[in-house]
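Worksheet: one structure, shown below.
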Amino acid sequence: MGNTESLAKQRELVAESGHSVKLSLEHQIIHLDKLQGSAGPEKIHKSLAEIGSNPNFISAGVLIHKSRLFDEALFAQLEKLLQNGLGRFMGKKVFLKKLAESLLTKFPEPPTKDAGAQDSNKAVSCILAACRLGKIKLDQRENEFKNWQEYLNQFLTEFEMNPVLSRPTSFYCQDEELKTIFKQDRILQTPLKLLEDSKSAQAVADTIKEDQGLFNTYMTYLEIIARISNPLRIPDLSILFGDIGDDNIKFDIEVAAIIPPLVTHEEDLLARIIGPGNSVPENFSLLDEFIKYIKARKVSLRPTAESGWYDYSTWSLAPLVSLSSMVESKHLEIEEVYADLLEELFRGRVKRKENEKNGDNSEADATKSESGSGSGAGSESAPPRIQVTIEPSLRVEPLPTFYYRKGFSYKFIRNILLTIFEEDDLRSVKRATTSGEARIDLLAELEFMENLYYGAHRCTCGDLGMDPAQTPENSESVFETWAQNFLTDPDLQPDSRSMIPIAYDVEKRKTRVRCFFGWRKETIQIAFARPPEVEIYSKSGKKMARKDLWLRPTYVGNEGQTSDEISYSFTSKVVETFYPVIDEIEVEKLLDNKAFQEQLDKSGISSFY
């Protein structure tokens with residue numbers, strides 16, 4: 001988590017009797033368990049606004065869903081800024097228009113059917129097709145552009161007939177502008193075989209290089225997508241920016257793209273497991289293998305100097321499946337069923353529960369309440385009249401490493417954007433939310449998200465008795481203020497149940513979608529596996545001697561006590577919190593959010609399975 005700062009690892013409370021209790025948390029261990037729900041179908045809430053009152057324990061699921069909604073809207077807004085331009089950044093729309101008009105002077109006619117391999121003009125075709133898909137009008141070269149219409153029609157028909165490439169996914173389905181940008185950029189990702197298309201690929205590269213505005217926009221855009229997403233999978237056209245007559249230019253790189261696709265950890269892992277070029281085995285789950293590798297520490301998720309936002313996001317989620325290797329593990333003891341819940345959060349698939357039965361935890365509760373006896377009091381002696389009951393205190397799910405890394409990822413993306421855009425320009429932009437335009441500007445929201453997660457980190461470190469990483473002290477109050485009113489959060493309050501396409505299966509002719517069905521209630525038991533050390537002070541502030549303190553598991557009676565004796569006991573507590581219900585399913589027909597919500601209200605979740 002980086003450098004840490006030392007804070008007082010203490011918790012103070014005041015007993016009903018007026019005595020002051022100080023707890024030393026440094027060596028405490030918190031036990032977490034997920035209790036089973038009641039039998040019968042569970043209630044799924046449309047939104048957190050239905051809950052009514054704030055839970056006193058905030059799940060990581062709430063924070064993860066908040067970030068998911070924010071991130072989708074953030075990147076949707078960034079895609080529009082990159083398309084239309086902002087401040088000193090030209091934008092892809094102007095870039096493609098100028099580039100296409102220049103290329104039409106060099107290639108006024110499309111390639112003929114009997115043209116050789118080097119005359120395929122595929123790179124030029126991609127630029128012109130992108131203009132068509134992006135609805136970019138070429139004012140100066142309209143006649144030449146018309147010469148290409150028939151050729152482009154065929155080119156784009158082949159593209160549209162491949163739904164794996166042409167069907168928008170994820171947040172690109174939000175509106176028509178984003179769908180247009182998706183298709184335009186997919187065409188620009190077309191692999192170019194340099195040996196077969198050397199003439200037009202070199203012409204596109206030369207045209208970009210010769211115009212300072214085009215060059216700056218192209219290089220800046222490539223830097224942006226690599227930093228806000230991940231490193232590029234194949235080379236871009238900058239490899240052709242050398243002098244035309246330079247003998248050192250070698251076409252040993254066979255494939256490039258105008259805008260290359262991106263690399264992910266999962267793709268690297270898949271290549272390691274099955275080998276390059278081999279087919280994926282039947283029933284193979286890459287996500288299952290990915291989780292196994294993380295748990296076994298066979299793959300490093302730590303971001304590198306080349307890493308983009310995607311790497312940082314994956315790195316932040318790793319504690320959900322590898323908690324035992326995190327610094328907070330020495331303060332936590334978790335049951336397997338609770339660990340399964342955290343793994344569901346990592347997978348992004350927190351499924352509905354089916355007919356769980358109540359668990360009888362009375363014996364476990366008694367065991368936990370007796371845990372960690374430290375000061376010796378014989379069980380045969382009667383306890384004193386004054387008794388203090390001490391229970392664990394957790395305000396948020398205890399995953400400090402996750403919260404710190406997530407906060408750092410927002411700091412990372414904020415700094416990247418400030419290297420591309422002017423601060424005043426970002427202050428003028430507001431993202432769209434499910435309930436309308438955001439209340440504050442984009443840069444302010446990024447600052448808030450950074451401090452929200454840093455604040456959650458500091459809060460949970462304080463609850464566990466850990467030193468937090470170096471983070472802004474005021475971030476804790478940012479989180480606490482949000483936590484008191486998170487049911488009214490503009491991202492979480494509305495009904496945001498949705499069906500989002502993520503992939504298309506050509507053989508099945510079905511679309512794989514990620515569905516957010518609503519919110520389910522979970523019951524978590526929090527207990528002391530090892531209790532904190534206790535000091536008790538009288539009403540006058542005098543520390544009471546150890547001989548006057550009794551550690552008792554239960555109240556037996558008050559016979560034989562003296563007035564200056566006091567007993568304390570540890571107990572567990574049960575909290576209720578909420579998690580998003582998310583699953584991936586295959587559907588024949590995509591539904592917009594309104595239709596999806598109507599079918600849920602009418603027929604329930606089961607109608608989608």
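Each chain in the structure tokens gets a letter, A, B, ..., in the order shown, and its residues are numbered from 1; ligands are numbered from 1 in order too.
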
Non-local contacts of A:Phe171 (10 Å; only C-alpha atoms; under 4 positions in same chain excluded) as a JSON list (two decimals) with N, CA and C atoms, in the first residue's frame:
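Saved the output as around36.json:
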```json
[["chain", "number", "residue", "atom", "x", "y", "z"],
["A", 69, "LEU", "N", -20.67, 2.24, -12.02],
["A", 69, "LEU", "CA", -21.56, 3.21, -12.67],
["A", 69, "LEU", "C", -20.80, 4.49, -13.02],
["A", 71, "ASP", "N", -17.50, 4.78, -13.50],
["A", 71, "ASP", "CA", -16.50, 4.51, -14.54],
["A", 71, "ASP", "C", -17.13, 4.43, -15.92],
["A", 72, "GLU", "N", -18.29, 3.76, -16.02],
["A", 72, "GLU", "CA", -18.94, 3.65, -17.32],
["A", 72, "GLU", "C", -19.32, 5.02, -17.86],
["A", 73, "ALA", "N", -19.87, 5.87, -16.98],
["A", 73, "ALA", "CA", -20.25, 7.22, -17.40],
["A", 73, "ALA", "C", -19.01, 8.06, -17.70],
["A", 74, "LEU", "N", -17.94, 7.87, -16.91],
["A", 74, "LEU", "CA", -16.70, 8.61, -17.14],
["A", 74, "LEU", "C", -16.13, 8.30, -18.52],
["A", 75, "PHE", "N", -16.04, 7.01, -18.85],
["A", 75, "PHE", "CA", -15.44, 6.64, -20.12],
["A", 75, "PHE", "C", -16.36, 6.95, -21.30],
["A", 76, "ALA", "N", -17.66, 6.92, -21.07],
["A", 76, "ALA", "CA", -18.57, 7.36, -22.11],
["A", 76, "ALA", "C", -18.33, 8.85, -22.42],
["A", 175, "ASP", "N", -26.09, 5.39, -26.11],
["A", 175, "ASP", "CA", -26.79, 6.28, -27.04],
["A", 175, "ASP", "C", -26.21, 6.13, -28.43],
["A", 178, "LEU", "N", -22.43, 7.18, -29.09],
["A", 178, "LEU", "CA", -21.45, 6.20, -28.64],
["A", 178, "LEU", "C", -21.42, 4.97, -29.55],
["A", 179, "LYS", "N", -22.58, 4.54, -30.04],
["A", 179, "LYS", "CA", -22.61, 3.42, -30.99],
["A", 179, "LYS", "C", -21.85, 3.77, -32.25],
["A", 182, "PHE", "N", -18.14, 3.66, -31.53],
["A", 182, "PHE", "CA", -17.69, 2.27, -31.41],
["A", 182, "PHE", "C", -17.39, 1.69, -32.79],
["A", 500, "ILE", "N", -26.54, -5.16, -20.33],
["A", 500, "ILE", "CA", -25.46, -4.59, -21.12],
["A", 500, "ILE", "C", -24.78, -5.70, -21.93],
["A", 501, "PRO", "N", -24.77, -5.61, -23.26],
["A", 501, "PRO", "CA", -24.11, -6.65, -24.07],
["A", 501, "PRO", "C", -22.59, -6.61, -23.89],
["A", 502, "ILE", "N", -21.97, -7.79, -23.80],
["A", 502, "ILE", "CA", -20.52, -7.85, -23.65],
["A", 502, "ILE", "C", -19.86, -8.69, -24.74]]
```

Discussion item. From the options A:Glu158, A:Asp583, A:Glu150, A:Asp467, which residue's atoms come nearest to A:Val327, counting only C-alpha atoms?
Written reply: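 Checking each candidate against A:Val327, we get A:Asp467 as the closest.
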
With a cut-off of 8 Å, could you pull out the residues of stretch 92-205 of chain A touching stretch 211-234 of chain A and give me the nearest pair of atoms for each, distance in Å to one decimal, using only C-alpha atoms, ordered by chain and ascending number, as CSV?
```
residue,atom,partner,partner_atom,distance
A:Lys92,CA,A:Thr217,CA,7.9
A:Phe95,CA,A:Leu214,CA,6.1
A:Lys98,CA,A:Leu214,CA,7.9
A:Leu99,CA,A:Leu214,CA,7.4
```

Practice prompt. Please identify all polymer residues within 12 Å of A:Glu16, counting only C-alpha atoms, omitting same-chain residues fewer than 2 positions from it, and present them as a list in words.
Written response: Leu13, Val14, Gly18, His19, Ser20, Val21, Ile386, Gln387, Val388, Thr389, Ile390 and Lys539 of chain A
